[in-house]
Structure formats: structure tokens, C-alpha cells
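S.K.: Could you have a look at this structure, given as C-alpha cells, before my questions?
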Amino acid sequence: MAAAGGSRDGAGERALSREEAARAAREHVGGAAPAPDPDPDPGPAMEEPPPEQPPAGEEDADADAEDAVAAGPEWNIPPNAPACMERHLEGAHYRADGALLLGASGLNGRCWAGSLWVFADPRRAPSEGFCTAGVQTEAGVADLCWVADRGILVASDSGAVELWELDEKETLIVNKFCKYEHDDIVMAVAVLAGSTHVVSGGRDFCVKVWDLPQQTVLHSYRAHSDAVTCVASCPGKDTVFLSCAEDNRTLLWDTRCPKPATRIVCSACNHLPTSVMWHPHKSDIFALGDENGTVALVDTKNPDSALSSTVHARNITGFAFSTHSSPLLASISEDCSVAVLDSDLSEVFRSRSHQDFVKGLSWSPSDNALLTTVGWDHQVLHHTVPIPTAEASGVNCVKE
């Protein structure tokens, strides 16, 4: 999902060319090899005795063992998967069983290509040869998310909303539909409760609600006056969602109402809103991030009472709540850092390992202390976050 403070057009200025990257890697490993002596003195010729031959069968066994060690885990690109993943990783989402979905874009060429990837073993990402499935898309991937178990919803740079699906063996990703209802880049998508309706927002200022089984647009709204940068669905409510845009407005939507959009004015965030996400347990609370790096927890019934903190130095590009009973809030930013906050917005973890904009994040469903982030530096990083004391001690307080 492209953020308000940065431009997808500027990606080429930051991304190294393949030649520069290869040269830098060679210099880092050890520099250029020394030039050979143009006229070495061979000295007197000496006949060396033949090497000692190993017993029969030993040589083959040693060779097989060495090959196995060198090969490591099996490298096997699935059918139809691209040979190479684009540099700019735009999003990461875990499925309930732990499979990791990645979206990638190539933003520094003559055309914006993209691809989708699924890894059964997230630790192998982003190595193409260890993916479960992959597919090329006709344009860059601005945002993506899982739909139920096998569906993949994509916001495309081409202006399309796309639905892809894993086959039964989960080795192929098949396109189910590709609809060009937006007139510009689709910046964000979200699945509403029930998984049959989704919402999209684009640079054409529009917010659209879709019926996935019917592959049609149910509602099309133009309540914003600039590019929509983020949409977020409300847990448990299939008609309620949020949107924010570069017109400096955050809107609360309920499609059951004659006038479905209500503006949420939060005095704690005085800059352009760039990211929103609902609290997983409180339907009146959502996280709001702006282009100045401020994070706020906003109550829709009393926005002026919002709790806020300046967490990042630049544009916030995404949020993710953990699955703890008192959820931790992870935030990512164009300042290349990852932060994890407790319910009081106090920092409990910080990572500055990324070398470019951080664009996607997701908590592992199998380890509530594991947070995965991706960015335009082509890194997939797995962070171990300290577990809150109450959560850790609670494990031993359960009555058998």
C-alpha cells in the first residue's frame, strides 16, 4: 500500500540496479581477486606421486554426503511461479495455519510488474525456490490480503481489484476475476466480516464495496476529495469500515445508513492520516497513524479523548494488533523502523533493521511473540517481541 508521504514513482531512485548490487556484494565479501603474476617462475619440474585412492565405495558415499550438505533443503519452484521476485515487497499476511502471503512490485523499471507468493515455511521467504505457489500479475501490487482460506484479494496499480485463489493442492494461484472499476491506482483493500463483501479505496478518490460471489460493485462512494490511502474493516460488523485519505479526512462508514459516511475529527493527529486499523476486541476503538509519525487510539464516540504518541519520524504505513488478551500494537513507517506498543502506547520493542520503507507486517498465528515485516529493501524479517508480563504469568494461572 503506497503511503501519502512517499511516491511510488520515486522507488527507482532508492533501488540499486542489479549490477550495482552484485558489485557491492563482491566487494563486501572480499573485494576483487589479486591479479596473477604475469611471468611466474615454475621452478624445476617435479613429478608428484599419484594421490592415494580411497577404498571402493567410500568415494561415492563421501561425494553424496557433500552434495547433500551443499544442496540443503530442496529447491523446487512450483508450476507457473515466476523465476524472480520483484524487489519492492508491499505486503505480508499470515493465514491461520501459518502460511505467509507476500505481494511484490517492481517500481524502478519501464513498467510496474508484480507478483504474489505463498510460503508454507515463512522462514524461507523471500527465496523463490522455497515458495509453495507464486504467480505474476500484470501490474504492481499496492495491497493484498487473504479471503477465507484460499482466496487472495489484490489492489492493483493498474486500477483493478483482483481475486486470486489457490488450487486444492496449493501449488497454483488461479485468477478468479479482475475488475477495472477504479479510474486510477487501487491503494487499499479490506475484507469485511463474513468474507463475502470487501471494500477498496483508490487514487480516484473513490471507496467501493464489492460482492465477491457476484463479482460486482454494490456501492460506489466519492466522499473523499483526494486519494484514499487506507481502508479497514470492523471485526464482527459486515457493514462498518473506516477510510482515510490525502484530503486530511478519516471517515467512519456504515452502508446501512442513508448517509453512510461520518467524519471522525481527532485533534491528537494534526497531519494527513495515512493508516487506520480497528481494535480486535473493541468495536469503538481504532488505531490512527499520520504522515508525521503520530499514533493515536481513537474512540469513535469521543474522538477528542484519543490517546496519542509520536512513535515514528515519518509517514506511518501500517498497523497490526497482536492476539494477546491485551493486544500489542505494531506499527511500521517510512522511517524504516518497526515499533511495538502496549495499550498505553508505551514502546516495548523497536527494530531499525530495514534499509528502506517498511510496507507490510503480520503477527504469526502459531507464535504470539513473532512479528514478521517486509519492505522495499526486499527483506522479510522475523522479530521476537517480548511477551507482556501479564500474558507470560497468565499461562501458569489456568486452573486444570
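Letters for chains follow the order of the C-alpha cells (A, B, ...), residue numbers begin at 1 for each chain, and ligand numbers begin at 1 in the order shown.
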With only C-alpha atoms as the counted atoms, please give the residues lying no more than 9 Å from region 204-215 of chain A, apart from itself and same-chain residues fewer than 3 positions off, as a ChimeraX atom specification.

M.R.: /A:163,177-179,181-186,195-201,218-228,231,243,245,255

S.K.: Store the residues of this selection in a file with N, CA, C and O atoms, as a compact mmCIF listing (two decimals), in the first residue's frame.

M.R.:
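Result file follows (selection.txt):
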# COMPACT_ATOMS: atom_id res chain seq x y z
N LEU A 163 -9.23 -10.92 -7.67
CA LEU A 163 -9.39 -12.04 -6.74
C LEU A 163 -8.68 -13.25 -7.34
O LEU A 163 -8.96 -13.66 -8.47
N PHE A 177 -11.23 -13.31 -10.84
CA PHE A 177 -11.73 -12.15 -11.60
C PHE A 177 -10.76 -10.99 -11.47
O PHE A 177 -9.94 -10.92 -10.55
N CYS A 178 -10.91 -10.06 -12.43
CA CYS A 178 -10.09 -8.84 -12.46
C CYS A 178 -10.99 -7.73 -12.98
O CYS A 178 -11.35 -7.72 -14.16
N LYS A 179 -11.39 -6.81 -12.11
CA LYS A 179 -12.39 -5.79 -12.45
C LYS A 179 -11.78 -4.39 -12.37
O LYS A 179 -11.21 -3.99 -11.35
N GLU A 181 -12.91 -1.14 -11.99
CA GLU A 181 -13.97 -0.20 -11.60
C GLU A 181 -13.40 1.12 -11.11
O GLU A 181 -14.10 2.13 -11.09
N HIS A 182 -12.13 1.14 -10.70
CA HIS A 182 -11.48 2.38 -10.30
C HIS A 182 -10.82 3.02 -11.52
O HIS A 182 -10.40 2.34 -12.46
N ASP A 183 -10.68 4.35 -11.49
CA ASP A 183 -10.09 5.10 -12.60
C ASP A 183 -8.63 5.44 -12.36
O ASP A 183 -8.04 6.21 -13.13
N ASP A 184 -8.05 4.90 -11.31
CA ASP A 184 -6.64 5.15 -11.00
C ASP A 184 -6.16 3.98 -10.13
O ASP A 184 -6.90 3.03 -9.90
N ILE A 185 -4.93 4.09 -9.62
CA ILE A 185 -4.37 3.03 -8.78
C ILE A 185 -5.30 2.70 -7.61
O ILE A 185 -5.81 3.60 -6.95
N VAL A 186 -5.52 1.41 -7.38
CA VAL A 186 -6.23 0.97 -6.18
C VAL A 186 -5.20 0.88 -5.06
O VAL A 186 -4.25 0.11 -5.15
N SER A 195 -16.63 -12.38 4.95
CA SER A 195 -15.76 -12.73 3.81
C SER A 195 -16.46 -12.75 2.46
O SER A 195 -15.89 -13.21 1.48
N THR A 196 -17.70 -12.27 2.38
CA THR A 196 -18.37 -12.21 1.07
C THR A 196 -18.33 -10.81 0.48
O THR A 196 -18.50 -10.65 -0.74
N HIS A 197 -18.13 -9.79 1.33
CA HIS A 197 -18.04 -8.42 0.87
C HIS A 197 -16.66 -7.86 1.19
O HIS A 197 -16.08 -8.19 2.23
N VAL A 198 -16.15 -7.02 0.30
CA VAL A 198 -14.85 -6.37 0.51
C VAL A 198 -14.99 -4.90 0.16
O VAL A 198 -15.94 -4.48 -0.52
N VAL A 199 -14.01 -4.12 0.61
CA VAL A 199 -14.01 -2.68 0.33
C VAL A 199 -12.68 -2.31 -0.28
O VAL A 199 -11.63 -2.88 0.08
N SER A 200 -12.69 -1.36 -1.20
CA SER A 200 -11.47 -0.89 -1.85
C SER A 200 -11.45 0.63 -1.87
O SER A 200 -12.50 1.28 -1.89
N GLY A 201 -10.23 1.19 -1.87
CA GLY A 201 -10.05 2.64 -1.96
C GLY A 201 -8.95 2.96 -2.95
O GLY A 201 -7.95 2.23 -3.03
N LEU A 218 -21.29 -3.20 -5.20
CA LEU A 218 -22.58 -2.92 -4.58
C LEU A 218 -22.78 -1.43 -4.36
O LEU A 218 -23.87 -0.90 -4.58
N HIS A 219 -21.72 -0.76 -3.90
CA HIS A 219 -21.81 0.67 -3.62
C HIS A 219 -20.52 1.33 -4.10
O HIS A 219 -19.43 0.78 -3.94
N SER A 220 -20.66 2.52 -4.66
CA SER A 220 -19.51 3.32 -5.05
C SER A 220 -19.70 4.72 -4.47
O SER A 220 -20.71 5.38 -4.74
N TYR A 221 -18.74 5.15 -3.64
CA TYR A 221 -18.85 6.43 -2.94
C TYR A 221 -17.68 7.34 -3.31
O TYR A 221 -16.55 6.88 -3.48
N ARG A 222 -17.97 8.62 -3.41
CA ARG A 222 -16.93 9.63 -3.64
C ARG A 222 -17.03 10.69 -2.54
O ARG A 222 -17.27 11.86 -2.80
N ALA A 223 -16.82 10.26 -1.31
CA ALA A 223 -16.93 11.16 -0.16
C ALA A 223 -15.61 11.87 0.12
O ALA A 223 -15.58 12.87 0.83
N HIS A 224 -14.50 11.32 -0.39
CA HIS A 224 -13.20 11.95 -0.22
C HIS A 224 -12.91 12.87 -1.41
O HIS A 224 -13.45 12.67 -2.52
N SER A 225 -12.05 13.86 -1.20
CA SER A 225 -11.69 14.79 -2.26
C SER A 225 -10.23 14.65 -2.68
O SER A 225 -9.69 15.52 -3.36
N ASP A 226 -9.59 13.54 -2.25
CA ASP A 226 -8.22 13.24 -2.67
C ASP A 226 -8.02 11.73 -2.55
O ASP A 226 -8.93 11.00 -2.18
N ALA A 227 -6.79 11.28 -2.85
CA ALA A 227 -6.51 9.85 -2.91
C ALA A 227 -6.80 9.16 -1.58
O ALA A 227 -6.37 9.62 -0.51
N VAL A 228 -7.50 8.02 -1.64
CA VAL A 228 -7.78 7.20 -0.46
C VAL A 228 -6.56 6.32 -0.22
O VAL A 228 -6.12 5.58 -1.10
N VAL A 231 -8.07 1.58 3.93
CA VAL A 231 -9.40 1.17 4.38
C VAL A 231 -9.22 0.06 5.40
O VAL A 231 -8.26 -0.70 5.33
N SER A 243 -12.08 4.61 6.45
CA SER A 243 -11.21 5.02 5.35
C SER A 243 -10.50 6.30 5.74
O SER A 243 -11.02 7.10 6.53
N ALA A 245 -7.76 9.45 3.84
CA ALA A 245 -7.32 9.92 2.53
C ALA A 245 -6.43 11.14 2.66
O ALA A 245 -6.27 11.72 3.75
N THR A 255 -22.81 1.17 5.76
CA THR A 255 -23.55 1.16 4.49
C THR A 255 -25.05 0.98 4.67
O THR A 255 -25.81 1.09 3.70

S.K.: Which residues of region 212-286 of chain A have any atom within 12 Å of an atom in region 330-341 of chain A when counting only C-alpha atoms, and what is the closest pair of atoms for each, with the distance in Å to one decimal? Order the rows by chain and rising number and write it as CSV.

M.R.:
residue,atom,partner,partner_atom,distance
A:Thr274,CA,A:Ser333,CA,10.2
A:Ser275,CA,A:Ser331,CA,9.6
A:Val276,CA,A:Ser331,CA,10.6
A:Met277,CA,A:Ser331,CA,10.5
A:His279,CA,A:Ala330,CA,11.9

S.K.: Store the residues picked out above in a file with N, CA and C atoms, as a PDB file, in the first residue's frame.

M.R.:
ATOM      1  N   THR A 274      -2.695   8.485   7.376  1.00  0.00           N
ATOM      2  CA  THR A 274      -2.140   7.568   6.383  1.00  0.00           C
ATOM      3  C   THR A 274      -2.506   6.109   6.629  1.00  0.00           C
ATOM      4  N   SER A 275      -2.895   5.762   7.859  1.00  0.00           N
ATOM      5  CA  SER A 275      -3.198   4.361   8.149  1.00  0.00           C
ATOM      6  C   SER A 275      -4.216   4.263   9.276  1.00  0.00           C
ATOM      7  N   VAL A 276      -5.126   3.287   9.142  1.00  0.00           N
ATOM      8  CA  VAL A 276      -6.137   3.040  10.181  1.00  0.00           C
ATOM      9  C   VAL A 276      -6.284   1.534  10.374  1.00  0.00           C
ATOM     10  N   MET A 277      -6.648   1.139  11.590  1.00  0.00           N
ATOM     11  CA  MET A 277      -6.940  -0.276  11.875  1.00  0.00           C
ATOM     12  C   MET A 277      -7.798  -0.369  13.127  1.00  0.00           C
ATOM     13  N   HIS A 279      -9.416  -1.899  16.517  1.00  0.00           N
ATOM     14  CA  HIS A 279      -9.015  -2.731  17.655  1.00  0.00           C
ATOM     15  C   HIS A 279      -9.743  -4.072  17.549  1.00  0.00           C
TER      16      HIS A 279
END

S.K.: Go through A:His93, A:Leu345, A:Arg350, A:Leu328 one by one, measure the shortest atom-to-atom distance of each to Ala369 (chain A) using only C-alpha atoms, and give the residue with the smallest value.

M.R.: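 Closest candidate: A:Leu328.
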
S.K.: Pick out the residues sitting within 7 Å of Asp238 (chain A), and hand them over as a list in words; count only C-alpha atoms, and ignore anything fewer than 5 positions along from it in its own chain.

M.R.: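 Everything that qualifies: Leu192, Ala193 and Gly194 of chain A.
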
S.K.: With only C-alpha atoms as the atoms that count, which of A:Cys145, A:Ile77, A:Leu288, A:Leu371 lies nearest to Thr310 (chain A)?

M.R.: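 With only C-alpha atoms as the atom set, the closest residue is A:Leu288.
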
S.K.: Can you pull out the residues contacting Glu128 (chain A)? Cut-off 9 Å, using only C-alpha atoms, and skip same-chain residues under 2 positions away; I want them as JSON, numbers by chain.

M.R.: {"A": [75, 76, 77, 81, 82, 83, 84, 85, 117, 124, 125, 126, 130, 131, 134]}

S.K.: Using only C-alpha atoms, which residues sit within 10 Å of Val174 (chain A) once same-chain residues fewer than 5 positions away are excluded, as a list in words?

M.R.: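 Listing them by chain and then by number gives Asn80, Gly134, Val135, Gly151, Ile152, Leu163, Trp164, Glu165, Leu166 and Asp167 of chain A.
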
S.K.: With C-alpha atoms retained, write the just-selected residues as a short mmCIF file (atom, residue, chain, number, x, y, z; two decimals), in the first residue's frame.

M.R.:
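result-v4.cif was written with the following content:
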data_model
loop_
_atom_site.label_atom_id
_atom_site.label_comp_id
_atom_site.auth_asym_id
_atom_site.auth_seq_id
_atom_site.Cartn_x
_atom_site.Cartn_y
_atom_site.Cartn_z
CA ASN A 80 3.66 -21.02 -13.11
CA GLY A 134 3.55 -17.99 -6.97
CA VAL A 135 2.12 -16.08 -9.91
CA GLY A 151 -8.67 -16.57 -1.71
CA ILE A 152 -6.26 -13.67 -2.26
CA LEU A 163 -9.39 -12.04 -6.74
CA TRP A 164 -7.00 -14.99 -6.96
CA GLU A 165 -7.37 -18.46 -5.48
CA LEU A 166 -5.05 -21.30 -4.53
CA ASP A 167 -5.93 -24.65 -6.11
#

S.K.: Tell me, in Å to one decimal, how far CA of Lys169 (chain A) is from CA of Leu101 (chain A).

M.R.: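 According to the coordinates, CA of Lys169 (chain A) and CA of Leu101 (chain A) are separated by 16.0 Å.
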
S.K.: Write out as a ChimeraX atom specification all residues of region 241-379 of chain A that DSSP puts in strand (DSSP E or B) for this structure's backbone.

M.R.: /A:241-245,250-254,261-264,273-278,285-290,294-299,307-310,316-321,329-333,338-341,347-351,358-363,370-375

S.K.: When you count only C-alpha atoms, which of these residues is closest to Arg352 (chain A): A:Ala296, A:Cys266, A:Val240, A:Leu381?

M.R.: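 Between A:Ala296, A:Cys266, A:Val240, A:Leu381, the residue approaching Arg352 (chain A) most closely is A:Leu381.
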
S.K.: With only C-alpha atoms as the atoms that count, which of A:Ala160, A:Ile173, A:Lys282, A:Cys269 lies nearest to Ser309 (chain A)?

M.R.: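 With only C-alpha atoms as the atom set, the closest residue is A:Cys269.
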
S.K.: Just give me the gap between CA of Gly202 (chain A) and CA of Gly159 (chain A) in Å, one decimal is fine.

M.R.: 7.8 Å

S.K.: Expressed in Å to a single decimal, how great is the separation between CA of Lys359 (chain A) and CA of Gly103 (chain A)?

M.R.: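 CA of Gly103 (chain A) lies 10.2 Å from CA of Lys359 (chain A).
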
S.K.: Please determine, counting only C-alpha atoms, which residue among A:Arg110, A:His383, A:His354, A:Arg249 has the shortest atom-to-atom distance to Ser267 (chain A).

M.R.: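 Counting only C-alpha atoms, the residue closest to Ser267 (chain A) is A:Arg249.
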
S.K.: Extract, using only C-alpha atoms, all DNA, RNA and protein residues at most 8 Å from Thr373 (chain A), discarding same-chain residues fewer than 4 positions from it, and format them as an mmCIF file with C-alpha atoms, in the first residue's frame.

M.R.:
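For reference, out-v4.cif as written:
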data_model
loop_
_atom_site.group_PDB
_atom_site.id
_atom_site.type_symbol
_atom_site.label_atom_id
_atom_site.label_comp_id
_atom_site.auth_asym_id
_atom_site.auth_seq_id
_atom_site.Cartn_x
_atom_site.Cartn_y
_atom_site.Cartn_z
ATOM 1 C CA ALA A 92 2.717 -9.699 4.208
ATOM 2 C CA VAL A 358 8.658 -0.826 5.709
ATOM 3 C CA LYS A 359 5.431 -1.682 3.884
ATOM 4 C CA GLY A 360 3.843 -4.787 5.404
ATOM 5 C CA LEU A 361 3.529 -6.579 8.747
ATOM 6 C CA SER A 362 1.706 -9.535 10.291
ATOM 7 C CA VAL A 380 11.448 -10.434 5.193
ATOM 8 C CA LEU A 381 12.343 -10.015 8.867
ATOM 9 C CA HIS A 382 11.022 -12.074 11.781
ATOM 10 C CA HIS A 383 11.103 -10.183 15.081
#

S.K.: A:Leu242, A:Leu89, A:Leu116, A:Met187: which is nearest Asp284 (chain A), counting only C-alpha atoms?

M.R.: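 Comparing A:Leu242, A:Leu89, A:Leu116, A:Met187 against Asp284 (chain A), the winner is A:Leu242.
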